[in-house]
$ cat input14.txt   # compact mmCIF, C-alpha atoms and all ligand atoms
# COMPACT_ATOMS: atom_id res chain seq x y z
CA MET A 925 102.07 80.16 74.51
CA ALA A 926 103.62 83.35 73.18
CA ILE A 927 107.25 82.48 73.89
CA GLU A 928 108.76 79.04 74.42
CA VAL A 929 112.43 78.89 75.30
CA ARG A 930 113.78 75.33 75.31
CA ASP A 931 117.11 74.05 76.66
CA VAL A 932 118.98 77.20 75.80
CA ASN A 933 122.69 77.23 76.53
CA LYS A 934 124.92 80.21 75.88
CA SER A 935 128.56 80.81 76.76
CA PHE A 936 130.75 83.83 76.20
CA GLY A 937 134.21 82.38 75.63
CA THR A 938 134.45 79.58 78.15
CA THR A 939 132.01 81.17 80.62
CA PRO A 940 128.53 79.64 80.59
CA VAL A 941 125.96 82.43 80.97
CA LEU A 942 122.75 80.47 80.32
CA ARG A 943 122.50 76.79 81.27
CA ASP A 944 119.65 74.64 80.03
CA VAL A 945 117.19 77.47 80.29
CA SER A 946 113.57 76.61 79.46
CA ILE A 947 110.70 78.99 80.07
CA ASP A 948 107.15 79.39 78.80
CA VAL A 949 105.70 82.87 78.57
CA LYS A 950 101.93 82.86 78.27
CA SER A 951 100.26 84.95 75.65
CA GLY A 952 99.19 88.30 77.08
CA SER A 953 101.16 87.88 80.31
CA LEU A 954 103.48 90.31 82.02
CA THR A 955 106.56 88.34 83.04
CA ALA A 956 109.56 89.52 85.06
CA LEU A 957 113.03 88.04 84.67
CA LEU A 958 114.34 88.62 88.17
CA GLY A 959 117.75 87.90 89.58
CA PRO A 960 121.07 89.26 90.77
CA SER A 961 123.46 91.15 88.53
CA GLY A 962 125.33 88.90 86.13
CA GLY A 963 122.77 86.10 86.44
CA GLY A 964 121.99 86.07 82.72
CA LYS A 965 118.73 88.05 82.56
CA SER A 966 119.78 90.44 79.80
CA THR A 967 121.37 87.64 77.81
CA LEU A 968 118.14 85.63 77.94
CA LEU A 969 116.15 88.68 76.83
CA ARG A 970 118.60 89.27 73.98
CA VAL A 971 118.30 85.62 72.94
CA ILE A 972 114.50 86.04 72.80
CA ALA A 973 114.90 89.27 70.83
CA GLY A 974 117.32 87.65 68.38
CA LEU A 975 120.19 89.95 69.33
CA GLU A 976 122.19 86.94 70.59
CA GLN A 977 122.29 83.44 69.16
CA PRO A 978 122.04 80.58 71.64
CA ASP A 979 124.76 77.90 71.36
CA THR A 980 122.09 75.22 71.69
CA GLY A 981 118.34 75.23 72.24
CA THR A 982 115.37 76.88 70.59
CA VAL A 983 113.14 79.94 70.88
CA ARG A 984 109.60 79.80 69.53
CA ILE A 985 107.50 82.94 69.26
CA SER A 986 103.76 82.51 68.65
CA GLY A 987 104.35 78.90 67.67
CA VAL A 988 107.01 79.71 65.06
CA ASP A 989 110.61 78.54 65.48
CA ALA A 990 112.38 81.89 65.69
CA THR A 991 115.80 80.57 66.72
CA ARG A 992 117.45 81.53 63.43
CA LEU A 993 115.25 84.52 62.56
CA SER A 994 116.70 88.03 62.58
CA PRO A 995 115.33 90.42 65.23
CA GLN A 996 113.39 92.31 62.55
CA ARG A 997 111.50 89.17 61.55
CA ARG A 998 110.44 88.18 65.07
CA ASN A 999 107.80 90.86 65.51
CA VAL A 1000 109.16 91.88 68.90
CA GLY A 1001 109.51 95.40 70.24
CA PHE A 1002 112.29 96.20 72.68
CA VAL A 1003 113.33 98.94 75.02
CA PHE A 1004 116.71 99.00 76.68
CA GLN A 1005 117.85 100.81 79.76
CA HIS A 1006 119.96 103.45 78.07
CA TYR A 1007 117.44 104.10 75.44
CA ALA A 1008 118.82 105.97 72.46
CA ALA A 1009 116.17 108.32 71.11
CA PHE A 1010 116.72 110.17 67.86
CA LYS A 1011 117.73 113.50 69.32
CA HIS A 1012 117.06 115.49 66.15
CA LEU A 1013 113.50 114.16 65.80
CA THR A 1014 110.45 115.29 67.75
CA VAL A 1015 108.60 112.93 70.06
CA PHE A 1016 106.01 112.45 67.32
CA ARG A 1017 108.64 111.50 64.73
CA ASN A 1018 110.45 109.22 67.15
CA VAL A 1019 107.26 107.25 67.73
CA ALA A 1020 106.36 107.37 64.03
CA PHE A 1021 109.79 106.10 62.96
CA GLY A 1022 109.02 102.39 62.73
CA LEU A 1023 105.83 103.07 60.81
CA GLU A 1024 107.56 105.46 58.41
CA ILE A 1025 110.21 102.95 57.47
CA ARG A 1026 107.41 100.47 56.85
CA LYS A 1027 105.97 103.07 54.46
CA ARG A 1028 102.54 103.19 56.06
CA PRO A 1029 100.13 105.88 54.75
CA LYS A 1030 100.60 109.28 56.40
CA ASP A 1031 97.05 109.48 57.81
CA GLU A 1032 97.34 106.08 59.40
CA ILE A 1033 100.70 107.02 60.96
CA ARG A 1034 99.32 110.25 62.39
CA LYS A 1035 96.31 108.49 63.89
CA ARG A 1036 98.33 105.65 65.38
CA VAL A 1037 101.04 107.91 66.83
CA MET A 1038 98.50 110.21 68.46
CA GLU A 1039 96.70 107.20 69.97
CA LEU A 1040 99.97 105.91 71.36
CA LEU A 1041 101.00 109.28 72.76
CA GLU A 1042 97.67 109.44 74.52
CA LEU A 1043 98.20 105.94 75.89
CA VAL A 1044 101.54 106.93 77.40
CA HIS A 1045 100.23 110.37 78.47
CA LEU A 1046 102.52 112.34 76.21
CA GLU A 1047 99.96 113.83 73.86
CA GLN A 1048 100.98 117.34 74.92
CA MET A 1049 104.63 116.61 74.17
CA ALA A 1050 104.34 115.54 70.52
CA ASP A 1051 106.32 118.52 69.19
CA ARG A 1052 109.07 118.49 71.78
CA TYR A 1053 112.51 117.01 71.33
CA PRO A 1054 113.79 114.19 73.55
CA SER A 1055 116.17 116.58 75.36
CA GLN A 1056 113.11 118.54 76.52
CA LEU A 1057 111.59 115.52 78.30
CA SER A 1058 112.20 114.15 81.78
CA GLY A 1059 113.75 110.69 82.16
CA GLY A 1060 110.38 109.11 82.89
CA GLN A 1061 108.78 110.81 79.88
CA ARG A 1062 111.62 109.56 77.67
CA GLN A 1063 111.03 105.99 78.86
CA ARG A 1064 107.33 106.34 78.07
CA MET A 1065 108.21 107.65 74.63
CA ALA A 1066 110.47 104.60 74.14
CA LEU A 1067 107.58 102.32 75.05
CA ALA A 1068 105.25 104.13 72.65
CA ARG A 1069 107.86 103.72 69.93
CA ALA A 1070 108.24 100.01 70.63
CA LEU A 1071 104.45 99.56 70.59
CA ALA A 1072 103.96 101.53 67.37
CA VAL A 1073 104.66 98.61 65.07
CA GLU A 1074 102.21 96.40 67.02
CA PRO A 1075 104.70 93.78 68.17
CA GLU A 1076 103.42 90.44 69.41
CA VAL A 1077 105.98 90.59 72.17
CA LEU A 1078 107.43 93.52 74.09
CA LEU A 1079 110.85 93.05 75.70
CA LEU A 1080 112.05 95.57 78.28
CA ASP A 1081 115.54 95.49 79.78
CA GLU A 1082 115.53 97.32 83.13
CA PRO A 1083 113.13 99.84 81.60
CA PHE A 1084 113.17 102.11 84.63
CA GLY A 1085 116.67 101.32 85.83
CA ALA A 1086 118.21 104.74 85.39
CA LEU A 1087 115.41 106.69 87.05
CA ASP A 1088 115.01 107.91 90.61
CA ALA A 1089 112.97 105.92 93.10
CA GLN A 1090 109.84 108.07 92.94
CA VAL A 1091 109.60 108.10 89.14
CA ARG A 1092 110.35 104.37 89.07
CA LYS A 1093 107.40 103.74 91.34
CA GLU A 1094 105.07 105.85 89.21
CA LEU A 1095 106.18 104.13 86.02
CA ARG A 1096 105.67 100.67 87.55
CA THR A 1097 102.04 101.41 88.27
CA TRP A 1098 101.72 102.96 84.86
CA LEU A 1099 103.28 99.94 83.08
CA ARG A 1100 100.88 97.61 84.88
CA ARG A 1101 97.90 99.72 83.79
CA LEU A 1102 99.19 100.03 80.25
CA HIS A 1103 99.57 96.27 80.08
CA ASP A 1104 96.04 95.78 81.37
CA GLU A 1105 94.86 98.00 78.51
CA VAL A 1106 96.86 96.62 75.60
CA HIS A 1107 97.63 93.03 76.73
CA VAL A 1108 100.75 92.70 74.66
CA THR A 1109 102.89 89.80 75.92
CA THR A 1110 105.60 91.56 77.88
CA VAL A 1111 108.86 90.33 79.40
CA PHE A 1112 110.91 92.73 81.49
CA VAL A 1113 114.24 92.38 83.22
CA THR A 1114 114.72 93.66 86.75
CA HIS A 1115 117.00 93.00 89.70
CA ASP A 1116 114.48 94.67 92.01
CA GLN A 1117 112.25 92.12 93.70
CA GLU A 1118 109.71 94.73 94.76
CA GLU A 1119 109.34 95.87 91.17
CA ALA A 1120 108.84 92.27 89.99
CA ILE A 1121 106.30 91.51 92.72
CA GLU A 1122 104.33 94.68 92.14
CA VAL A 1123 104.22 94.64 88.36
CA ALA A 1124 104.48 91.08 87.04
CA ASP A 1125 101.95 88.27 86.99
CA THR A 1126 104.72 85.70 86.53
CA ILE A 1127 108.24 85.86 87.92
CA VAL A 1128 111.15 83.85 86.53
CA VAL A 1129 114.01 83.83 89.03
CA LEU A 1130 117.30 83.55 87.18
CA ALA A 1131 120.69 83.24 88.85
CA ASP A 1132 124.02 81.77 87.73
CA GLY A 1133 122.49 81.28 84.31
CA GLU A 1134 119.84 78.91 85.65
CA VAL A 1135 116.11 79.19 86.18
CA LYS A 1136 115.70 78.79 89.94
CA GLN A 1137 111.92 79.10 90.07
CA VAL A 1138 108.92 80.22 88.03
CA GLY A 1139 105.64 81.26 89.59
CA SER A 1140 103.25 84.03 90.49
CA PRO A 1141 104.64 86.70 92.85
CA ALA A 1142 102.75 85.06 95.74
CA GLU A 1143 104.10 81.60 94.88
CA VAL A 1144 107.74 82.62 94.71
CA TYR A 1145 107.41 84.77 97.84
CA ASP A 1146 105.43 82.29 99.94
CA ASN A 1147 106.80 79.01 98.59
CA PRO A 1148 110.36 79.71 97.54
CA ALA A 1149 112.08 76.73 95.96
CA ASP A 1150 115.27 77.15 97.97
CA PRO A 1151 117.00 79.47 100.46
CA PHE A 1152 118.49 81.51 97.62
CA VAL A 1153 115.06 82.37 96.19
CA MET A 1154 113.66 83.02 99.66
CA ARG A 1155 116.50 85.46 100.43
CA PHE A 1156 116.25 87.15 97.07
CA LEU A 1157 112.49 87.70 97.18
CA GLY A 1158 112.23 89.38 100.56
CA PRO A 1159 113.60 89.79 104.05
CA VAL A 1160 114.55 86.66 105.99
CA THR A 1161 115.90 85.78 109.38
CA GLU A 1162 117.24 82.56 110.84
CA ILE A 1163 115.70 80.96 113.91
CA GLY A 1164 116.53 77.47 115.14
CA GLY A 1165 118.17 76.46 111.85
CA ASN A 1166 115.17 77.63 109.82
CA LEU A 1167 114.96 80.48 107.39
CA VAL A 1168 111.77 82.46 108.10
CA ARG A 1169 110.21 85.75 107.01
CA PRO A 1170 110.61 88.22 109.90
CA HIS A 1171 106.88 89.03 109.84
CA ASP A 1172 106.08 85.34 110.23
CA ILE A 1173 107.37 85.09 113.80
CA GLU A 1174 105.32 85.55 116.96
CA ILE A 1175 106.77 87.12 120.07
CA SER A 1176 105.20 86.44 123.46
CA ALA A 1177 106.12 87.65 126.90
CA GLY A 1178 105.59 84.28 128.60
CA PRO A 1179 106.47 80.71 127.62
CA VAL A 1180 104.48 79.24 124.71
CA GLU A 1181 104.31 75.81 123.13
CA GLY A 1182 107.03 75.42 120.50
CA GLY A 1183 108.60 78.68 121.59
CA THR A 1184 112.28 79.43 122.08
CA ALA A 1185 113.63 81.92 124.59
CA ALA A 1186 115.15 85.05 123.07
CA THR A 1187 116.71 88.21 124.45
CA VAL A 1188 115.73 91.54 122.94
CA SER A 1189 118.84 93.47 121.91
CA ARG A 1190 117.38 96.44 120.10
CA VAL A 1191 114.00 97.89 119.13
CA VAL A 1192 113.99 100.04 115.97
CA ARG A 1193 110.90 102.03 115.02
CA LEU A 1194 110.43 102.40 111.27
CA GLY A 1195 107.14 104.27 111.03
CA PHE A 1196 104.33 101.75 111.28
CA GLU A 1197 106.68 98.80 111.55
CA VAL A 1198 109.01 97.93 114.36
CA ARG A 1199 112.11 95.85 113.90
CA VAL A 1200 112.88 93.84 117.02
CA GLU A 1201 116.43 92.54 117.08
CA LEU A 1202 117.01 89.53 119.30
CA THR A 1203 119.50 86.88 120.26
CA VAL A 1204 118.10 83.37 119.94
CA GLU A 1205 120.26 80.42 120.97
CA GLY A 1206 123.33 82.61 120.71
CA ARG A 1207 122.53 83.87 117.21
CA ASP A 1208 121.23 87.21 115.99
CA ALA A 1209 117.74 87.29 114.49
CA TRP A 1210 115.05 89.88 113.93
CA VAL A 1211 111.30 90.03 113.92
CA GLN A 1212 109.03 92.54 112.29
CA VAL A 1213 106.01 93.59 114.34
CA THR A 1214 103.54 96.46 114.27
CA ARG A 1215 104.08 99.51 116.40
CA GLY A 1216 100.95 98.77 118.43
CA PHE A 1217 102.17 95.27 119.23
CA ALA A 1218 105.63 96.48 120.32
CA GLU A 1219 103.99 99.05 122.59
CA GLN A 1220 101.57 96.51 124.03
CA LEU A 1221 104.46 94.28 125.07
CA ALA A 1222 106.56 97.32 126.03
CA LEU A 1223 109.54 95.62 124.40
CA THR A 1224 112.82 96.90 125.78
CA PRO A 1225 116.42 95.77 125.23
CA GLY A 1226 117.34 93.11 127.79
CA ASP A 1227 113.80 91.63 127.95
CA VAL A 1228 113.59 87.86 127.71
CA VAL A 1229 110.70 86.82 125.45
CA ASN A 1230 109.62 83.73 123.53
CA VAL A 1231 109.56 83.44 119.77
CA ARG A 1232 107.98 80.88 117.48
CA PRO A 1233 106.82 80.71 113.86
CA ALA A 1234 103.30 82.09 113.41
CA PRO A 1235 100.63 79.54 112.37
CA GLY A 1236 100.98 78.91 108.65
CA ALA A 1237 104.42 80.50 108.51
CA ARG A 1238 106.65 79.24 105.69
CA SER A 1239 110.14 78.27 106.56
CA LEU A 1240 113.03 76.46 104.94
CA THR A 1241 115.38 74.27 106.90
CA LEU A 1242 118.96 75.27 106.38
CA ALA A 1243 121.40 72.42 105.97
CA ALA A 1244 123.66 72.10 109.01
CA VAL A 1245 127.18 73.29 108.30
N1 LIG B 1 128.83 90.15 74.97
C1 LIG B 1 129.37 89.58 76.06
N2 LIG B 1 130.62 89.10 76.05
C2 LIG B 1 131.17 88.49 77.13
N3 LIG B 1 130.52 88.32 78.29
C3 LIG B 1 129.26 88.79 78.38
C4 LIG B 1 128.62 89.45 77.27
N4 LIG B 1 127.37 89.80 77.66
C5 LIG B 1 127.23 89.40 78.94
N5 LIG B 1 128.35 88.79 79.38
C6 LIG B 1 128.56 88.18 80.70
O1 LIG B 1 127.50 87.27 80.91
C7 LIG B 1 127.07 87.29 82.27
C8 LIG B 1 125.58 87.53 82.34
O2 LIG B 1 125.30 88.83 81.89
P1 LIG B 1 123.83 89.43 81.77
O3 LIG B 1 123.96 90.85 81.32
O4 LIG B 1 123.01 88.52 80.97
O5 LIG B 1 123.36 89.36 83.28
P2 LIG B 1 122.19 90.15 83.99
O6 LIG B 1 121.55 89.17 84.88
O7 LIG B 1 121.33 90.84 82.99
O8 LIG B 1 122.98 91.21 84.83
P3 LIG B 1 122.73 92.79 85.02
O9 LIG B 1 121.54 92.91 85.90
O10 LIG B 1 124.00 93.23 85.70
O11 LIG B 1 122.56 93.36 83.64
C9 LIG B 1 127.91 88.33 82.96
O12 LIG B 1 128.93 87.69 83.65
C10 LIG B 1 128.45 89.18 81.83
O13 LIG B 1 129.69 89.73 82.17

$ encode --input "input14.txt" --output "structure tokens" --more "lines below"
Ligand SMILES: Nc1ncnc2c1ncn2[C@@H]1O[C@H](COP(=O)(O)OP(=O)(O)OP(=O)(O)O)[C@@H](O)[C@H]1O
Amino acid sequence: MAIEVRDVNKSFGTTPVLRDVSIDVKSGSLTALLGPSGGGKSTLLRVIAGLEQPDTGTVRISGVDATRLSPQRRNVGFVFQHYAAFKHLTVFRNVAFGLEIRKRPKDEIRKRVMELLELVHLEQMADRYPSQLSGGQRQRMALARALAVEPEVLLLDEPFGALDAQVRKELRTWLRRLHDEVHVTTVFVTHDQEEAIEVADTIVVLADGEVKQVGSPAEVYDNPADPFVMRFLGPVTEIGGNLVRPHDIEISAGPVEGGTAATVSRVVRLGFEVRVELTVEGRDAWVQVTRGFAEQLALTPGDVVNVRPAPGARSLTLAAV
């Protein structure tokens, strides 16, 4: 296990921010800390990095109790959202910085920095200054800099948070590939469930300072521990007191076993997908179908249809209020 967090509690003043948090991060894994704003993700990352001290509990890194070690002695690299590059240094020197202060031989530094710049596809940019890079390029430079000192663990706090949607998407794919190449144990913070699902191999869902669930993207999406996790991980709708994924519901024109009558209120075409809004037992719900299916049934507002969970659909029963 690369990182073992045990029973960590942390309060700021009288406000508890982390409550009995325990997580195991496997060596070589790519783990996302996912959750809503204020849930404690950054604080947990900072506790792992050694930038915050837990009130109680322990952090072990590569088997060593790191709880009282300074960040410098933990062999972790980190990148934060508003990454502060050295503006007066070139890209090359920014990446070389950690190696220079460790007084590594010049030849070794040159070789390592050029390898890293190639890895992050910035080899052409070595002599530029940070102000001459795009936001995405700056983030890649930050990652190269964090990797330069060969950390055992890489910690990324919303690494692509400040970038536009398109660049974010490109960098996600790139981070996944980079991780597949270098295998450094990586933990990144995100509040974006799509980002976590696409990039991570393990997701830790954190909310209200508590770990709500840990699992692979498929596990947390398909078998959410509770309605909160189910809602946070993807779209949901409520039918007959059950929380269901809108693509897990079948619509049929005639009566079907286990079906409930529903009235179509609106049909919204979103490219390939169609969102069918309905009223079921007096409550609003929606179902996601393909365009072909919607056309086949010629769904029109006012139609009375039948809905039921598709075979194998996951649902959570909501407690009656
Ligand atoms: N240094 C601090 N002093 C006081 N309160 C803090 C401090 N750092 C964080 N908090 C509070 O702790 C709570 C958790 O913050 P944290 O940044 O860990 O959450 P988060 O899940 O990373 O949220 P976000 O996605 O918004 O960054 C918040 O209520 C925040 O206001």

$ closest_residue --input "input14.txt" --among "A:Arg1238, A:His1107, A:Arg1036, A:Arg998" --to "Leu954 in chain A" --atoms "all atoms listed in the file"
A:His1107

$ closest_residue --input "input14.txt" --among "A:Val1144, A:Ala1120, A:Ile1127, A:Leu942" --to "Arg970 in chain A" --atoms "only C-alpha atoms"
A:Leu942

$ closest_atom_pairs --input "input14.txt" --of "chain A" --to "ligand LIG 1 (chain B)" --cutoff "10 Å" --atoms "all atoms listed in the file" --output "tab-separated table"
residue	atom	partner	partner_atom	distance
A:Lys934	CA	B:LIG1	O1	9.0
A:Ser935	CA	B:LIG1	O1	7.8
A:Phe936	CA	B:LIG1	C2	4.8
A:Gly937	CA	B:LIG1	C2	7.0
A:Thr938	CA	B:LIG1	C2	9.5
A:Thr939	CA	B:LIG1	O1	7.6
A:Pro940	CA	B:LIG1	O1	7.7
A:Val941	CA	B:LIG1	O1	5.1
A:Leu942	CA	B:LIG1	C8	7.9
A:Leu957	CA	B:LIG1	O6	8.6
A:Leu958	CA	B:LIG1	O6	7.9
A:Gly959	CA	B:LIG1	O6	6.2
A:Pro960	CA	B:LIG1	O6	5.9
A:Ser961	CA	B:LIG1	O10	3.6
A:Gly962	CA	B:LIG1	O5	3.5
A:Gly963	CA	B:LIG1	O6	3.7
A:Gly964	CA	B:LIG1	O4	3.2
A:Lys965	CA	B:LIG1	O6	3.8
A:Ser966	CA	B:LIG1	O7	3.6
A:Thr967	CA	B:LIG1	O4	3.7
A:Leu968	CA	B:LIG1	O4	6.4
A:Leu969	CA	B:LIG1	O4	8.0
A:Arg970	CA	B:LIG1	O4	8.3
A:Val971	CA	B:LIG1	O4	9.8
A:Glu976	CA	B:LIG1	N1	8.6
A:Gln1005	CA	B:LIG1	O11	9.6
A:Asp1081	CA	B:LIG1	O7	8.1
A:Glu1082	CA	B:LIG1	O9	8.0
A:Gly1085	CA	B:LIG1	O9	9.7
A:Val1113	CA	B:LIG1	O7	7.3
A:Thr1114	CA	B:LIG1	O9	6.9
A:His1115	CA	B:LIG1	O9	5.9
A:Asp1116	CA	B:LIG1	O9	9.5
A:Leu1130	CA	B:LIG1	O6	7.4
A:Ala1131	CA	B:LIG1	O6	7.2
A:Asp1132	CA	B:LIG1	C8	8.0
A:Gly1133	CA	B:LIG1	C8	7.2

$ atom_distance --input "input14.txt" --atom1 "CA of Asp1150 in chain A" --atom2 "CA of Ser1189 in chain A"
29.2 Å

$ residues_around --input "input14.txt" --residues "range 1206-1223 of chain A" --least-positions-apart "2" --cutoff "7 Å" --atoms "only C-alpha atoms" --output "ChimeraX atom specification"
/A:1161-1163,1170-1171,1173,1196-1204,1225,1227

$ decode --input "input14.txt" --residues "range 1178-1201 of chain A" --atoms "N, CA and C atoms" --output "mmCIF file, in the first residue's frame"
data_model
loop_
_atom_site.group_PDB
_atom_site.id
_atom_site.type_symbol
_atom_site.label_atom_id
_atom_site.label_comp_id
_atom_site.auth_asym_id
_atom_site.auth_seq_id
_atom_site.Cartn_x
_atom_site.Cartn_y
_atom_site.Cartn_z
ATOM 1 N N GLY A 1178 -47.642 -0.324 -24.671
ATOM 2 C CA GLY A 1178 -48.750 -1.046 -24.032
ATOM 3 C C GLY A 1178 -48.414 -1.424 -22.600
ATOM 4 N N PRO A 1179 -49.369 -2.071 -21.904
ATOM 5 C CA PRO A 1179 -49.113 -2.499 -20.535
ATOM 6 C C PRO A 1179 -48.042 -3.587 -20.485
ATOM 7 N N VAL A 1180 -47.211 -3.568 -19.470
ATOM 8 C CA VAL A 1180 -46.184 -4.607 -19.288
ATOM 9 C C VAL A 1180 -46.170 -5.012 -17.820
ATOM 10 N N GLU A 1181 -45.669 -6.236 -17.582
ATOM 11 C CA GLU A 1181 -45.601 -6.715 -16.204
ATOM 12 C C GLU A 1181 -44.680 -5.803 -15.383
ATOM 13 N N GLY A 1182 -45.120 -5.420 -14.224
ATOM 14 C CA GLY A 1182 -44.306 -4.569 -13.349
ATOM 15 C C GLY A 1182 -44.240 -3.126 -13.817
ATOM 16 N N GLY A 1183 -45.029 -2.799 -14.824
ATOM 17 C CA GLY A 1183 -44.985 -1.432 -15.356
ATOM 18 C C GLY A 1183 -45.935 -0.497 -14.612
ATOM 19 N N THR A 1184 -45.658 0.782 -14.745
ATOM 20 C CA THR A 1184 -46.515 1.804 -14.141
ATOM 21 C C THR A 1184 -46.900 2.772 -15.255
ATOM 22 N N ALA A 1185 -48.163 3.190 -15.260
ATOM 23 C CA ALA A 1185 -48.599 4.120 -16.306
ATOM 24 C C ALA A 1185 -47.947 5.485 -16.089
ATOM 25 N N ALA A 1186 -47.579 6.110 -17.207
ATOM 26 C CA ALA A 1186 -46.943 7.429 -17.136
ATOM 27 C C ALA A 1186 -47.431 8.262 -18.315
ATOM 28 N N THR A 1187 -47.506 9.573 -18.108
ATOM 29 C CA THR A 1187 -47.906 10.462 -19.195
ATOM 30 C C THR A 1187 -46.709 11.273 -19.655
ATOM 31 N N VAL A 1188 -46.460 11.233 -20.961
ATOM 32 C CA VAL A 1188 -45.325 11.981 -21.519
ATOM 33 C C VAL A 1188 -45.655 13.465 -21.454
ATOM 34 N N SER A 1189 -44.734 14.263 -20.877
ATOM 35 C CA SER A 1189 -44.997 15.700 -20.830
ATOM 36 C C SER A 1189 -44.123 16.469 -21.810
ATOM 37 N N ARG A 1190 -42.967 15.936 -22.123
ATOM 38 C CA ARG A 1190 -42.073 16.669 -23.011
ATOM 39 C C ARG A 1190 -41.058 15.703 -23.596
ATOM 40 N N VAL A 1191 -40.655 15.927 -24.847
ATOM 41 C CA VAL A 1191 -39.631 15.090 -25.469
ATOM 42 C C VAL A 1191 -38.528 16.026 -25.957
ATOM 43 N N VAL A 1192 -37.322 15.898 -25.360
ATOM 44 C CA VAL A 1192 -36.224 16.817 -25.710
ATOM 45 C C VAL A 1192 -35.124 16.041 -26.426
ATOM 46 N N ARG A 1193 -34.824 16.471 -27.652
ATOM 47 C CA ARG A 1193 -33.762 15.798 -28.416
ATOM 48 C C ARG A 1193 -32.421 16.439 -28.103
ATOM 49 N N LEU A 1194 -31.477 15.617 -27.655
ATOM 50 C CA LEU A 1194 -30.131 16.117 -27.352
ATOM 51 C C LEU A 1194 -29.162 15.309 -28.201
ATOM 52 N N GLY A 1195 -29.124 15.575 -29.487
ATOM 53 C CA GLY A 1195 -28.266 14.796 -30.380
ATOM 54 C C GLY A 1195 -28.743 13.362 -30.435
ATOM 55 N N PHE A 1196 -27.849 12.442 -30.058
ATOM 56 C CA PHE A 1196 -28.159 11.017 -30.140
ATOM 57 C C PHE A 1196 -29.179 10.599 -29.080
ATOM 58 N N GLU A 1197 -29.120 11.296 -27.942
ATOM 59 C CA GLU A 1197 -30.006 10.931 -26.843
ATOM 60 C C GLU A 1197 -31.288 11.743 -26.854
ATOM 61 N N VAL A 1198 -32.320 11.130 -26.299
ATOM 62 C CA VAL A 1198 -33.575 11.847 -26.157
ATOM 63 C C VAL A 1198 -33.987 11.755 -24.692
ATOM 64 N N ARG A 1199 -34.358 12.912 -24.167
ATOM 65 C CA ARG A 1199 -34.806 12.971 -22.776
ATOM 66 C C ARG A 1199 -36.329 13.027 -22.796
ATOM 67 N N VAL A 1200 -36.945 11.990 -22.232
ATOM 68 C CA VAL A 1200 -38.407 11.930 -22.215
ATOM 69 C C VAL A 1200 -38.867 12.295 -20.810
ATOM 70 N N GLU A 1201 -39.560 13.415 -20.705
ATOM 71 C CA GLU A 1201 -40.050 13.831 -19.392
ATOM 72 C C GLU A 1201 -41.476 13.305 -19.212
#
